[in-house]
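Colleague: Data: structure-v4.cif, mmCIF, C-alpha atoms.
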data_work
loop_
_atom_site.label_atom_id
_atom_site.label_comp_id
_atom_site.auth_asym_id
_atom_site.auth_seq_id
_atom_site.Cartn_x
_atom_site.Cartn_y
_atom_site.Cartn_z
CA MET A 1 -4.64 82.55 -36.30
CA GLU A 2 -3.48 82.94 -39.89
CA ASP A 3 0.12 83.68 -40.88
CA VAL A 4 1.10 87.31 -40.70
CA LYS A 5 3.85 89.37 -42.25
CA ARG A 6 6.53 90.80 -39.97
CA ASN A 7 9.15 93.48 -40.48
CA GLU A 8 12.85 93.25 -39.65
CA SER A 9 12.12 94.02 -36.00
CA GLY A 10 9.67 91.12 -35.81
CA ASN A 11 6.61 93.36 -35.55
CA VAL A 12 3.43 92.32 -37.34
CA ILE A 13 2.73 94.51 -40.40
CA PHE A 14 -0.78 95.89 -40.87
CA THR A 15 -1.20 95.19 -44.59
CA LYS A 16 -3.55 96.56 -47.23
CA GLU A 17 -5.37 93.23 -47.21
CA MET A 18 -5.99 93.59 -43.47
CA ALA A 19 -7.47 97.06 -43.93
CA LYS A 20 -10.43 95.54 -45.80
CA ASP A 21 -11.89 93.48 -42.97
CA TYR A 22 -9.91 94.04 -39.76
CA THR A 23 -11.52 95.89 -36.84
CA ILE A 24 -9.17 98.51 -35.39
CA LEU A 25 -9.54 99.07 -31.64
CA ILE A 26 -8.67 102.53 -30.31
CA PRO A 27 -8.58 103.52 -26.61
CA MET A 28 -11.08 106.22 -25.66
CA MET A 29 -9.76 109.56 -24.39
CA ALA A 30 -11.93 112.61 -25.20
CA PRO A 31 -15.40 111.19 -26.06
CA ILE A 32 -16.73 114.03 -28.24
CA HIS A 33 -13.49 114.55 -30.16
CA PHE A 34 -12.78 110.85 -30.64
CA SER A 35 -16.31 110.16 -31.86
CA LEU A 36 -15.79 112.71 -34.64
CA ILE A 37 -12.31 111.40 -35.44
CA LYS A 38 -13.69 107.86 -35.55
CA SER A 39 -16.18 108.97 -38.21
CA VAL A 40 -13.29 110.32 -40.29
CA PHE A 41 -11.56 106.93 -40.17
CA VAL A 42 -14.75 104.98 -40.86
CA HIS A 43 -15.63 107.14 -43.86
CA SER A 44 -12.09 106.59 -45.14
CA GLY A 45 -12.76 102.86 -45.37
CA TYR A 46 -11.52 101.56 -42.00
CA LYS A 47 -13.51 99.55 -39.47
CA VAL A 48 -12.91 101.31 -36.15
CA GLU A 49 -14.22 100.82 -32.63
CA LEU A 50 -13.57 103.07 -29.65
CA LEU A 51 -12.96 101.13 -26.44
CA THR A 52 -15.16 102.09 -23.52
CA ASN A 53 -14.63 99.07 -21.26
CA HIS A 54 -14.12 100.21 -17.67
CA GLY A 55 -13.86 98.46 -14.34
CA PRO A 56 -11.17 96.87 -12.19
CA GLY A 57 -10.37 94.33 -14.91
CA VAL A 58 -8.75 97.05 -17.01
CA VAL A 59 -6.38 98.07 -14.22
CA GLU A 60 -5.66 94.45 -13.34
CA GLU A 61 -4.69 93.65 -16.93
CA GLY A 62 -2.47 96.71 -17.04
CA LEU A 63 -0.71 95.81 -13.78
CA LYS A 64 -0.24 92.26 -15.01
CA TYR A 65 1.52 93.17 -18.24
CA VAL A 66 3.00 96.66 -17.68
CA HIS A 67 5.64 97.52 -15.09
CA ASN A 68 4.00 99.48 -12.27
CA ASP A 69 6.70 102.16 -12.44
CA THR A 70 5.50 103.10 -15.94
CA CYS A 71 3.14 106.02 -16.59
CA TYR A 72 -0.37 105.38 -15.34
CA PRO A 73 -1.94 106.25 -18.74
CA ALA A 74 0.17 103.54 -20.39
CA LEU A 75 -1.02 101.03 -17.82
CA LEU A 76 -4.66 101.99 -18.44
CA VAL A 77 -4.50 102.13 -22.23
CA ILE A 78 -2.69 98.79 -22.55
CA GLY A 79 -4.88 97.24 -19.86
CA GLN A 80 -8.00 98.41 -21.69
CA MET A 81 -6.80 96.86 -24.95
CA LEU A 82 -5.90 93.52 -23.35
CA ASP A 83 -9.18 93.45 -21.44
CA ALA A 84 -11.01 93.98 -24.73
CA LEU A 85 -9.06 91.22 -26.48
CA LYS A 86 -9.91 88.79 -23.67
CA SER A 87 -13.59 89.77 -23.61
CA GLY A 88 -14.59 87.39 -26.43
CA LYS A 89 -16.27 90.21 -28.36
CA TYR A 90 -13.74 90.26 -31.18
CA ASP A 91 -12.41 87.85 -33.77
CA LEU A 92 -8.73 88.01 -32.85
CA SER A 93 -7.73 86.85 -36.33
CA ARG A 94 -9.38 90.01 -37.69
CA THR A 95 -8.44 92.56 -35.02
CA ALA A 96 -5.78 95.28 -34.93
CA LEU A 97 -4.84 97.89 -32.33
CA MET A 98 -4.01 101.56 -32.85
CA ILE A 99 -2.02 103.80 -30.55
CA SER A 100 -0.63 107.31 -30.98
CA GLN A 101 3.12 107.95 -31.05
CA THR A 102 4.23 111.56 -30.66
CA GLY A 103 7.96 111.10 -31.10
CA GLY A 104 8.87 113.61 -28.39
CA GLY A 105 10.80 113.16 -25.16
CA CYS A 106 7.70 112.06 -23.24
CA ARG A 107 7.52 108.35 -22.43
CA ALA A 108 4.22 108.27 -24.34
CA SER A 109 6.35 107.77 -27.46
CA ASN A 110 7.25 104.34 -26.06
CA TYR A 111 3.71 103.14 -25.33
CA ILE A 112 3.68 101.25 -28.62
CA PHE A 113 6.73 99.21 -27.59
CA LEU A 114 5.21 98.51 -24.18
CA LEU A 115 2.00 97.40 -25.90
CA ARG A 116 3.82 94.99 -28.20
CA LYS A 117 5.76 93.57 -25.26
CA ALA A 118 2.50 93.06 -23.35
CA LEU A 119 0.84 91.39 -26.35
CA LYS A 120 3.73 88.98 -26.70
CA LYS A 121 3.62 88.14 -23.00
CA ALA A 122 -0.14 87.57 -23.18
CA GLY A 123 0.12 85.39 -26.28
CA TYR A 124 -1.33 87.91 -28.72
CA ASP A 125 1.82 88.86 -30.61
CA SER A 126 0.16 88.05 -33.96
CA ILE A 127 -2.17 91.03 -33.54
CA PRO A 128 -0.88 94.03 -35.55
CA VAL A 129 -0.32 97.38 -33.83
CA ILE A 130 -0.76 100.55 -35.89
CA SER A 131 1.26 103.63 -34.97
CA LEU A 132 -0.70 106.86 -35.45
CA ASN A 133 2.00 109.49 -35.84
CA MET A 134 2.93 112.53 -37.88
CA SER A 135 6.67 112.14 -37.30
CA GLY A 136 7.44 109.32 -39.72
CA LEU A 137 8.35 107.02 -36.82
CA GLU A 138 6.53 104.00 -38.20
CA SER A 139 4.67 103.36 -41.43
CA ASN A 140 1.83 100.92 -42.01
CA GLN A 141 1.09 99.47 -45.42
CA GLY A 142 -2.61 99.17 -44.68
CA PHE A 143 -3.20 102.51 -42.96
CA ARG A 144 -2.47 105.87 -44.54
CA PHE A 145 -3.22 109.16 -42.81
CA THR A 146 -4.05 111.09 -45.99
CA LEU A 147 -4.30 114.87 -46.41
CA PRO A 148 -8.13 114.84 -46.55
CA MET A 149 -8.13 112.78 -43.34
CA ILE A 150 -5.83 115.33 -41.69
CA PHE A 151 -8.08 118.25 -42.69
CA LYS A 152 -11.18 116.43 -41.42
CA THR A 153 -9.45 115.41 -38.19
CA VAL A 154 -8.41 119.02 -37.49
CA ALA A 155 -11.99 120.14 -38.13
CA GLY A 156 -13.20 117.36 -35.86
CA ILE A 157 -10.92 118.61 -33.08
CA VAL A 158 -12.25 122.18 -33.49
CA TYR A 159 -15.85 120.97 -33.46
CA GLY A 160 -15.04 118.79 -30.44
CA ASP A 161 -13.59 121.79 -28.60
CA ALA A 162 -16.70 123.82 -29.43
CA LEU A 163 -19.17 121.16 -28.31
CA MET A 164 -17.21 120.45 -25.11
CA LEU A 165 -16.94 124.17 -24.29
CA LEU A 166 -20.61 124.93 -24.89
CA SER A 167 -21.88 121.82 -23.16
CA ASN A 168 -19.79 122.55 -20.06
CA GLN A 169 -21.15 126.10 -19.89
CA VAL A 170 -24.79 125.10 -20.38
CA LYS A 171 -25.16 121.73 -18.62
CA PRO A 172 -25.03 123.00 -14.99
CA TYR A 173 -27.83 125.51 -15.66
CA GLU A 174 -30.19 123.75 -18.09
CA VAL A 175 -33.86 123.68 -17.12
CA ASN A 176 -34.51 120.39 -18.89
CA LYS A 177 -31.73 118.04 -17.85
CA GLY A 178 -30.06 116.31 -20.77
CA ASP A 179 -30.69 119.04 -23.36
CA SER A 180 -27.00 119.77 -23.88
CA CYS A 181 -26.07 116.08 -24.12
CA ARG A 182 -28.79 115.50 -26.70
CA LEU A 183 -27.53 118.48 -28.70
CA VAL A 184 -23.96 117.14 -28.59
CA ASP A 185 -25.20 113.80 -29.96
CA HIS A 186 -27.20 115.58 -32.68
CA TRP A 187 -24.22 117.60 -33.88
CA THR A 188 -21.81 114.67 -33.66
CA GLU A 189 -24.06 112.66 -35.99
CA LYS A 190 -24.66 115.61 -38.34
CA LEU A 191 -20.97 116.47 -38.64
CA ALA A 192 -20.12 112.81 -39.23
CA ARG A 193 -22.55 112.78 -42.16
CA GLN A 194 -20.95 115.93 -43.56
CA PHE A 195 -17.48 114.39 -43.35
CA ASN A 196 -18.80 111.34 -45.19
CA GLN A 197 -19.96 113.66 -47.99
CA ASN A 198 -16.57 115.47 -48.01
CA GLU A 199 -18.12 118.56 -46.48
CA GLY A 200 -17.81 120.51 -43.25
CA PHE A 201 -14.04 120.78 -42.96
CA SER A 202 -13.13 123.85 -45.02
CA LEU A 203 -12.70 127.13 -43.15
CA LYS A 204 -15.83 128.58 -44.77
CA GLN A 205 -17.95 125.54 -43.91
CA LEU A 206 -16.45 125.46 -40.44
CA ARG A 207 -17.58 129.02 -39.75
CA ILE A 208 -21.13 128.23 -40.90
CA ASN A 209 -21.34 125.10 -38.77
CA LEU A 210 -19.85 126.79 -35.71
CA ASN A 211 -22.39 129.59 -35.91
CA ASP A 212 -25.23 127.06 -36.13
CA ILE A 213 -23.76 125.05 -33.24
CA VAL A 214 -23.39 128.04 -30.89
CA SER A 215 -26.83 129.33 -31.90
CA SER A 216 -28.42 125.98 -31.06
CA PHE A 217 -26.83 125.90 -27.61
CA ALA A 218 -27.92 129.50 -27.00
CA GLN A 219 -31.53 128.35 -27.43
CA ILE A 220 -31.38 125.84 -24.58
CA ALA A 221 -33.50 127.00 -21.64
CA ILE A 222 -31.28 127.71 -18.64
CA HIS A 223 -31.63 129.05 -15.11
CA ARG A 224 -28.33 130.68 -14.25
CA THR A 225 -27.25 130.67 -10.60
CA ARG A 226 -23.93 131.28 -8.90
CA LYS A 227 -21.81 128.14 -8.94
CA ILE A 228 -18.24 127.22 -8.17
CA LYS A 229 -16.25 127.27 -11.39
CA VAL A 230 -13.56 124.62 -11.70
CA GLY A 231 -10.81 124.26 -14.29
CA ILE A 232 -9.42 120.80 -15.08
CA VAL A 233 -5.85 120.63 -16.35
CA GLY A 234 -3.04 118.08 -16.33
CA GLU A 235 -1.59 115.25 -18.37
CA ILE A 236 -3.59 114.96 -21.58
CA TYR A 237 -5.01 111.44 -21.08
CA VAL A 238 -5.92 111.78 -17.40
CA LYS A 239 -7.36 115.25 -18.04
CA TYR A 240 -9.86 114.03 -20.64
CA ALA A 241 -10.43 110.30 -20.03
CA SER A 242 -13.00 109.32 -17.40
CA LEU A 243 -11.17 106.00 -17.06
CA GLY A 244 -8.02 107.89 -16.07
CA ASN A 245 -9.57 110.42 -13.67
CA ASN A 246 -12.26 108.28 -12.00
CA ASN A 247 -15.15 110.12 -13.69
CA LEU A 248 -13.96 113.48 -12.39
CA GLU A 249 -16.41 115.53 -14.45
CA ASP A 250 -19.39 113.57 -13.15
CA PHE A 251 -18.14 114.00 -9.59
CA LEU A 252 -17.83 117.77 -10.01
CA ALA A 253 -21.32 117.91 -11.54
CA GLY A 254 -22.57 116.17 -8.41
CA GLN A 255 -20.89 118.91 -6.37
CA ASP A 256 -22.89 121.55 -8.27
CA CYS A 257 -19.89 122.96 -10.15
CA GLU A 258 -19.39 124.42 -13.61
CA ILE A 259 -16.24 123.06 -15.22
CA MET A 260 -13.86 124.21 -17.91
CA VAL A 261 -11.48 121.86 -19.69
CA PRO A 262 -8.95 123.45 -22.09
CA GLY A 263 -9.46 122.47 -25.73
CA LEU A 264 -7.55 119.68 -27.45
CA LEU A 265 -6.52 122.02 -30.29
CA ASP A 266 -4.24 123.92 -27.91
CA PHE A 267 -2.22 120.74 -27.34
CA VAL A 268 -1.98 120.17 -31.10
CA LEU A 269 -0.78 123.76 -31.55
CA TYR A 270 1.67 123.32 -28.68
CA SER A 271 3.15 120.26 -30.40
CA VAL A 272 3.45 122.03 -33.76
CA ASP A 273 4.82 125.19 -32.15
CA ALA A 274 7.52 123.12 -30.47
CA VAL A 275 8.95 122.19 -33.88
CA VAL A 276 9.23 125.87 -34.78
CA GLY A 277 10.69 126.68 -31.38
CA ARG A 278 13.38 124.00 -31.55
CA ALA A 279 14.57 125.35 -34.89
CA LYS A 280 14.94 128.82 -33.35
CA LEU A 281 16.68 127.55 -30.24
CA TYR A 282 19.06 125.06 -31.85
CA GLY A 283 19.24 126.13 -35.48
CA SER A 284 18.38 122.66 -36.80
CA GLY A 285 15.35 121.22 -38.56
CA GLN A 286 14.71 124.34 -40.61
CA LEU A 287 12.69 122.52 -43.29
CA LYS A 288 10.46 120.87 -40.70
CA ALA A 289 10.06 124.24 -39.00
CA LYS A 290 8.83 125.85 -42.23
CA VAL A 291 6.23 123.10 -42.72
CA ALA A 292 5.24 123.40 -39.05
CA ALA A 293 4.86 127.19 -39.39
CA VAL A 294 2.42 126.73 -42.29
CA LEU A 295 0.48 124.12 -40.33
CA LYS A 296 0.42 126.37 -37.26
CA HIS A 297 -1.01 129.25 -39.32
CA TYR A 298 -3.76 126.95 -40.60
CA LEU A 299 -4.57 125.71 -37.09
CA MET A 300 -4.64 129.26 -35.75
CA GLN A 301 -7.16 130.20 -38.45
CA MET A 302 -9.38 127.31 -37.41
CA GLN A 303 -9.11 128.26 -33.74
CA GLY A 304 -9.76 131.91 -34.59
CA ALA A 305 -13.02 130.92 -36.29
CA LEU A 306 -14.15 129.21 -33.09
CA ILE A 307 -13.21 132.14 -30.85
CA GLU A 308 -14.83 134.74 -33.12
CA THR A 309 -18.06 132.76 -33.35
CA VAL A 310 -18.43 132.20 -29.61
CA LYS A 311 -17.75 135.89 -28.96
CA MET A 312 -20.80 136.76 -31.07
CA TYR A 313 -22.99 135.22 -28.37
CA PRO A 314 -22.66 137.12 -25.06
CA GLY A 315 -24.09 134.24 -23.04
CA PHE A 316 -20.91 132.22 -23.54
CA LYS A 317 -17.30 132.71 -22.53
CA ALA A 318 -15.02 132.27 -25.53
CA PRO A 319 -11.71 130.42 -25.21
CA SER A 320 -8.45 132.30 -25.54
CA SER A 321 -6.16 131.99 -28.53
CA PHE A 322 -3.09 129.79 -28.31
CA GLU A 323 -0.79 132.81 -28.66
CA HIS A 324 -2.55 134.60 -25.79
CA THR A 325 -2.26 131.54 -23.57
CA LYS A 326 1.41 131.24 -24.47
CA SER A 327 2.01 134.90 -23.60
CA LEU A 328 0.88 134.34 -20.02
CA ILE A 329 3.97 132.33 -19.11
CA ASP A 330 6.41 135.07 -20.15
CA GLY A 331 8.85 135.34 -17.25
CA VAL A 332 7.24 132.39 -15.46
CA ILE A 333 8.46 129.29 -17.33
CA GLY A 334 10.49 128.92 -20.52
CA THR A 335 8.93 127.73 -23.76
CA GLY A 336 11.88 125.38 -24.15
CA CYS A 337 10.26 123.27 -21.42
CA GLU A 338 8.37 121.00 -23.80
CA MET A 339 8.50 117.47 -22.40
CA GLY A 340 4.99 116.08 -22.02
CA GLU A 341 2.55 118.97 -21.57
CA GLY A 342 5.50 121.20 -20.61
CA TRP A 343 4.92 124.93 -20.40
CA LEU A 344 1.40 124.54 -21.77
CA LEU A 345 0.26 123.02 -18.46
CA THR A 346 1.49 126.06 -16.53
CA ALA A 347 -0.10 128.38 -19.09
CA GLU A 348 -3.44 126.56 -18.91
CA MET A 349 -3.57 126.99 -15.13
CA MET A 350 -2.91 130.72 -15.51
CA GLU A 351 -5.49 130.94 -18.28
CA CYS A 352 -8.09 129.18 -16.11
CA VAL A 353 -7.59 131.84 -13.46
CA ASN A 354 -7.86 134.55 -16.13
CA GLN A 355 -11.11 133.07 -17.43
CA GLY A 356 -12.75 132.97 -14.00
CA TYR A 357 -12.09 129.31 -13.24
CA GLY A 358 -9.59 129.95 -10.45
CA ASN A 359 -10.40 126.70 -8.65
CA ILE A 360 -8.19 124.26 -10.51
CA ILE A 361 -7.67 120.51 -10.34
CA CYS A 362 -4.29 119.51 -11.72
CA THR A 363 -4.58 115.84 -12.66
CA GLN A 364 -1.24 114.07 -12.23
CA PRO A 365 -0.65 110.46 -13.29
CA PHE A 366 1.95 108.48 -11.43
CA GLY A 367 5.22 108.33 -13.31
CA CYS A 368 4.75 111.56 -15.26
CA LEU A 369 7.76 113.65 -14.24
CA PRO A 370 7.10 116.56 -16.68
CA ASN A 371 3.57 116.88 -15.30
CA HIS A 372 4.79 117.08 -11.73
CA ILE A 373 7.39 119.73 -12.60
CA CYS A 374 5.21 121.93 -14.83
CA GLY A 375 2.02 121.26 -12.88
CA LYS A 376 2.50 120.70 -9.16
CA GLY A 377 5.93 122.33 -9.24
CA MET A 378 4.49 125.63 -10.57
CA ILE A 379 1.51 125.96 -8.21
CA ARG A 380 3.38 128.03 -5.62
CA LYS A 381 4.67 130.36 -8.34
CA ILE A 382 1.19 130.85 -9.82
CA LYS A 383 -0.38 131.48 -6.41
CA GLY A 384 2.34 134.03 -5.68
CA LEU A 385 1.51 135.85 -8.90
CA ASP A 386 -2.26 135.77 -8.50
CA ALA A 387 -4.04 135.10 -5.21
CA ARG A 388 -7.20 134.10 -7.06
CA ALA A 389 -5.61 130.73 -7.82
CA ASN A 390 -7.00 127.89 -5.69
CA ILE A 391 -5.18 124.83 -7.07
CA VAL A 392 -5.08 121.24 -5.88
CA PRO A 393 -2.88 118.55 -7.49
CA ILE A 394 -4.51 115.11 -7.56
CA ASP A 395 -2.45 111.96 -8.13
CA TYR A 396 -3.96 109.16 -10.21
CA ASP A 397 -2.37 105.72 -10.06
CA PRO A 398 -3.42 102.14 -9.21
CA SER A 399 -2.69 102.60 -5.50
CA ALA A 400 -4.52 105.94 -5.11
CA THR A 401 -7.99 105.49 -3.63
CA ARG A 402 -10.93 107.29 -5.15
CA VAL A 403 -12.13 108.32 -1.67
CA ASN A 404 -8.84 110.08 -0.93
CA GLN A 405 -8.89 111.84 -4.32
CA GLU A 406 -12.45 113.09 -3.85
CA ASN A 407 -11.81 114.18 -0.26
CA ARG A 408 -8.90 116.34 -1.40
CA ILE A 409 -11.08 117.86 -4.12
CA LYS A 410 -13.86 118.52 -1.59
CA LEU A 411 -11.36 120.35 0.60
CA MET A 412 -10.45 122.60 -2.35
CA LEU A 413 -14.15 123.13 -3.08
CA SER A 414 -14.83 124.10 0.53
CA VAL A 415 -12.29 126.90 0.19
CA ALA A 416 -13.89 127.88 -3.12
CA ARG A 417 -17.32 127.93 -1.50
CA GLU A 418 -16.11 130.22 1.28
CA ASN A 419 -14.64 132.57 -1.30
CA LEU A 420 -17.84 132.44 -3.34
CA ASP A 421 -19.81 133.53 -0.28
CA SER A 422 -17.39 136.30 0.65
CA SER A 423 -18.23 139.92 0.01
CA ILE A 424 -15.52 140.31 -2.64
CA SER A 425 -16.76 137.28 -4.57
CA GLN A 426 -20.30 138.66 -4.46
CA ASP A 427 -19.14 141.95 -5.96
CA MET A 428 -16.77 140.48 -8.56
CA ASP A 429 -17.23 137.22 -10.46
CA TYR A 430 -14.01 135.31 -9.99
CA GLY A 431 -15.62 131.88 -10.23
CA GLY A 432 -15.25 131.19 -6.51
CA GLY A 433 -11.53 131.94 -6.28
CA ALA A 434 -10.13 134.39 -3.73
CA ALA A 435 -10.32 137.80 -5.38
CA PRO A 436 -7.56 140.24 -4.48
CA ALA A 437 -8.24 143.97 -4.74
CA ALA A 438 -5.30 144.33 -7.12
CA PRO A 439 -4.03 141.20 -8.94
CA LYS A 440 -0.27 140.91 -8.82
CA TRP A 441 0.04 140.14 -12.52
CA ARG A 442 -1.66 140.88 -15.77
CA PRO A 443 -1.62 138.95 -19.04
CA ALA A 444 1.57 139.66 -20.91
CA THR A 445 -0.42 140.98 -23.88
CA GLN A 446 -1.70 143.80 -21.67
CA LEU A 447 1.69 144.86 -20.40
CA SER A 448 3.19 147.98 -21.90
#
Mind converting the file's structure to structure tokens?
Modeller:
Amino acid sequence: MEDVKRNESGNVIFTKEMAKDYTILIPMMAPIHFSLIKSVFVHSGYKVELLTNHGPGVVEEGLKYVHNDTCYPALLVIGQMLDALKSGKYDLSRTALMISQTGGGCRASNYIFLLRKALKKAGYDSIPVISLNMSGLESNQGFRFTLPMIFKTVAGIVYGDALMLLSNQVKPYEVNKGDSCRLVDHWTEKLARQFNQNEGFSLKQLRINLNDIVSSFAQIAIHRTRKIKVGIVGEIYVKYASLGNNNLEDFLAGQDCEIMVPGLLDFVLYSVDAVVGRAKLYGSGQLKAKVAAVLKHYLMQMQGALIETVKMYPGFKAPSSFEHTKSLIDGVIGTGCEMGEGWLLTAEMMECVNQGYGNIICTQPFGCLPNHICGKGMIRKIKGLDARANIVPIDYDPSATRVNQENRIKLMLSVARENLDSSISQDMDYGGGAAPAAPKWRPATQLS
């Protein structure tokens, strides 16, 4: 392998020369969203590949090079990268790795250091690692996250949320199986072409595209029947990545369920909102807070366009705004609880119940303390506030068997099925959750 440049810490620098012909490997998380984001990077001149390698080899590589007390997502992501490097598919003298770095209190901020340690141990310490962050934690000479890339990425996240939402609401009922998947592929390719032509990411263009997207899904032939409605929440990687949750969405489809997964944009808004919140709580970082407030306003406009468009089509259930979701946890959990998914996880569970997806799977990776506190730790509180909530926490880690996970989910679904067949569920559509005559709480926005 050729000589590489290193910084004062001894880390390999991803240089401008490398950007010309290096292939950047990125772990897969949310397939629709990441496919769109990949197109943004490719059209900006970078060679990018999303890793989809699965199987026991990924976990084995992770266990070999990452301490088993570390977060399960770190073990999977690093294991997936090492498994890819050892596959023989890539020229290791022309390969780089990219990993996100939030900069918050969550241990995810340290994944990049764990990855570099693993690479050194495996003999790959000459492979550069690119930090994808908005916090100025690390800079890379050969990779710049420019303003146009940011605008396109935000649009890609909104489009990803829309396609995921619509597909999940259509797929269980489609007459011709595969129609929704084919439509997702069509729009992913079309939007990628627009990004390449510097189109499709302004608010005006976003509204036009969203209307066309929702309209196209509304034309899919469906046969609507009563199904158990399931919300999937939890730690961000395990919630979205099939590698992390043992193909949870496919399993639920096999159980004849309709699923709802909260959009990725809510997590982005949550992260930006935290900057504003910290300035209010502690009085520091006022300049960052002002920038974050402008960014939040922009993101809210983009989310508002999605919500307004979906509401125009009565066959679909529109997502709630970030501010509405945030209002639900008033008096339940403080917004200062912002490690990991923090208060957003509690709010998403309450929002799932509100939206009719009262049967909830809370995906919990081993080693994620914030997730256990704000997820599993809040279940009793949520059930006490609204009896429609039927929540099961599922642990995901190398020692957890898939059979045990699925059996616990089946037990939750059996309760949901009983509720769906009950007289109250037949009269009122609560998505299979137990429906009380008078809910014990209402959304905070409806309180006087």
Colleague: In Å to one decimal, how far is CA of Thr225 in chain A from CA of Ala347 in chain A?
Modeller: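 Calculated distance between CA of Ala347 in chain A and CA of Thr225 in chain A is 28.5 Å.
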Colleague: Apply the PyMOL selection byres ((chain A and resi 61-66) around 10) to the displayed file and report the matching residues as a compact mmCIF listing (two decimals) with C-alpha atoms, in the coordinates of the input.
Modeller:
# COMPACT_ATOMS: atom_id res chain seq x y z
CA PRO A 56 -11.17 96.87 -12.19
CA GLY A 57 -10.37 94.33 -14.91
CA VAL A 58 -8.75 97.05 -17.01
CA VAL A 59 -6.38 98.07 -14.22
CA GLU A 60 -5.66 94.45 -13.34
CA HIS A 67 5.64 97.52 -15.09
CA ASN A 68 4.00 99.48 -12.27
CA ASP A 69 6.70 102.16 -12.44
CA THR A 70 5.50 103.10 -15.94
CA CYS A 71 3.14 106.02 -16.59
CA TYR A 72 -0.37 105.38 -15.34
CA PRO A 73 -1.94 106.25 -18.74
CA ALA A 74 0.17 103.54 -20.39
CA LEU A 75 -1.02 101.03 -17.82
CA LEU A 76 -4.66 101.99 -18.44
CA VAL A 77 -4.50 102.13 -22.23
CA ILE A 78 -2.69 98.79 -22.55
CA GLY A 79 -4.88 97.24 -19.86
CA GLN A 80 -8.00 98.41 -21.69
CA MET A 81 -6.80 96.86 -24.95
CA LEU A 82 -5.90 93.52 -23.35
CA ASP A 83 -9.18 93.45 -21.44
CA LYS A 86 -9.91 88.79 -23.67
CA LEU A 114 5.21 98.51 -24.18
CA LEU A 115 2.00 97.40 -25.90
CA LYS A 117 5.76 93.57 -25.26
CA ALA A 118 2.50 93.06 -23.35
CA LEU A 119 0.84 91.39 -26.35
CA LYS A 120 3.73 88.98 -26.70
CA LYS A 121 3.62 88.14 -23.00
CA ALA A 122 -0.14 87.57 -23.18
CA PRO A 398 -3.42 102.14 -9.21
Colleague: Decode the PyMOL selection byres ((chain A and resi 210) around 9) for the given file into explicit residues and return them as an mmCIF file with C-alpha atoms, in the coordinates of the input.
Modeller:
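After the write, result_38.cif holds the following:
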data_model
loop_
_atom_site.group_PDB
_atom_site.id
_atom_site.type_symbol
_atom_site.label_atom_id
_atom_site.label_comp_id
_atom_site.auth_asym_id
_atom_site.auth_seq_id
_atom_site.Cartn_x
_atom_site.Cartn_y
_atom_site.Cartn_z
ATOM 1 C CA TYR A 159 -15.850 120.970 -33.460
ATOM 2 C CA ALA A 162 -16.700 123.820 -29.430
ATOM 3 C CA GLN A 205 -17.950 125.540 -43.910
ATOM 4 C CA LEU A 206 -16.450 125.460 -40.440
ATOM 5 C CA ARG A 207 -17.580 129.020 -39.750
ATOM 6 C CA ILE A 208 -21.130 128.230 -40.900
ATOM 7 C CA ASN A 209 -21.340 125.100 -38.770
ATOM 8 C CA ASN A 211 -22.390 129.590 -35.910
ATOM 9 C CA ASP A 212 -25.230 127.060 -36.130
ATOM 10 C CA ILE A 213 -23.760 125.050 -33.240
ATOM 11 C CA VAL A 214 -23.390 128.040 -30.890
ATOM 12 C CA SER A 215 -26.830 129.330 -31.900
ATOM 13 C CA ALA A 305 -13.020 130.920 -36.290
ATOM 14 C CA LEU A 306 -14.150 129.210 -33.090
ATOM 15 C CA THR A 309 -18.060 132.760 -33.350
ATOM 16 C CA VAL A 310 -18.430 132.200 -29.610
#
Colleague: To one decimal place in Å, what is the distance between CA of Val275 in chain A and CA of Leu163 in chain A?
Modeller: 28.7 Å
Colleague: Pick from A:His54, A:Lys376, A:Lys171, A:Arg408: nearest to Gly254 in chain A, with all atoms listed in the file counted?
Modeller: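 That would be A:Lys171, the residue with the smallest distance to Gly254 in chain A.
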Colleague: Using the file's own x, y and z axes, so that the box edges lie along x, y and z, what centre and edge lengths in Å (one decimal) does a box around every listed atom of range 152-162 of chain A get when 8 Å is added on each side? Give it as lines of an AutoDock Vina configuration file.
Modeller:
center_x = -12.6
center_y = 119.6
center_z = -35.0
size_x = 24.3
size_y = 24.4
size_z = 28.8
Colleague: Given the file shown, determine the residues that the PyMOL selection byres ((chain A and resi 241) around 12) selects; report them as number ranges by chain.
Modeller: A: 27-34, 51-52, 54, 73, 76-77, 232-240, 242-250, 261, 363, 365, 396
Colleague: Between A:Phe143, A:Tyr90, A:Phe267, A:Trp343, which residue has the minimum interatomic distance to Ala19 in chain A, considering only C-alpha atoms?
Modeller: A:Phe143
Colleague: Which residue gives the smallest distance to Val392 in chain A among A:Val158, A:Ile222, A:Val40, A:Ala416, with all atoms listed in the file counted?
Modeller: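 Of A:Val158, A:Ile222, A:Val40, A:Ala416, the one nearest Val392 in chain A is A:Ala416, counting all atoms listed in the file.
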Colleague: Measuring atom to atom with only C-alpha atoms, identify which of A:Val184, A:Leu203, A:Met378, A:Met149 is nearest to Thr346 in chain A.
Modeller: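 Of A:Val184, A:Leu203, A:Met378, A:Met149, the one nearest Thr346 in chain A is A:Met378, counting only C-alpha atoms.
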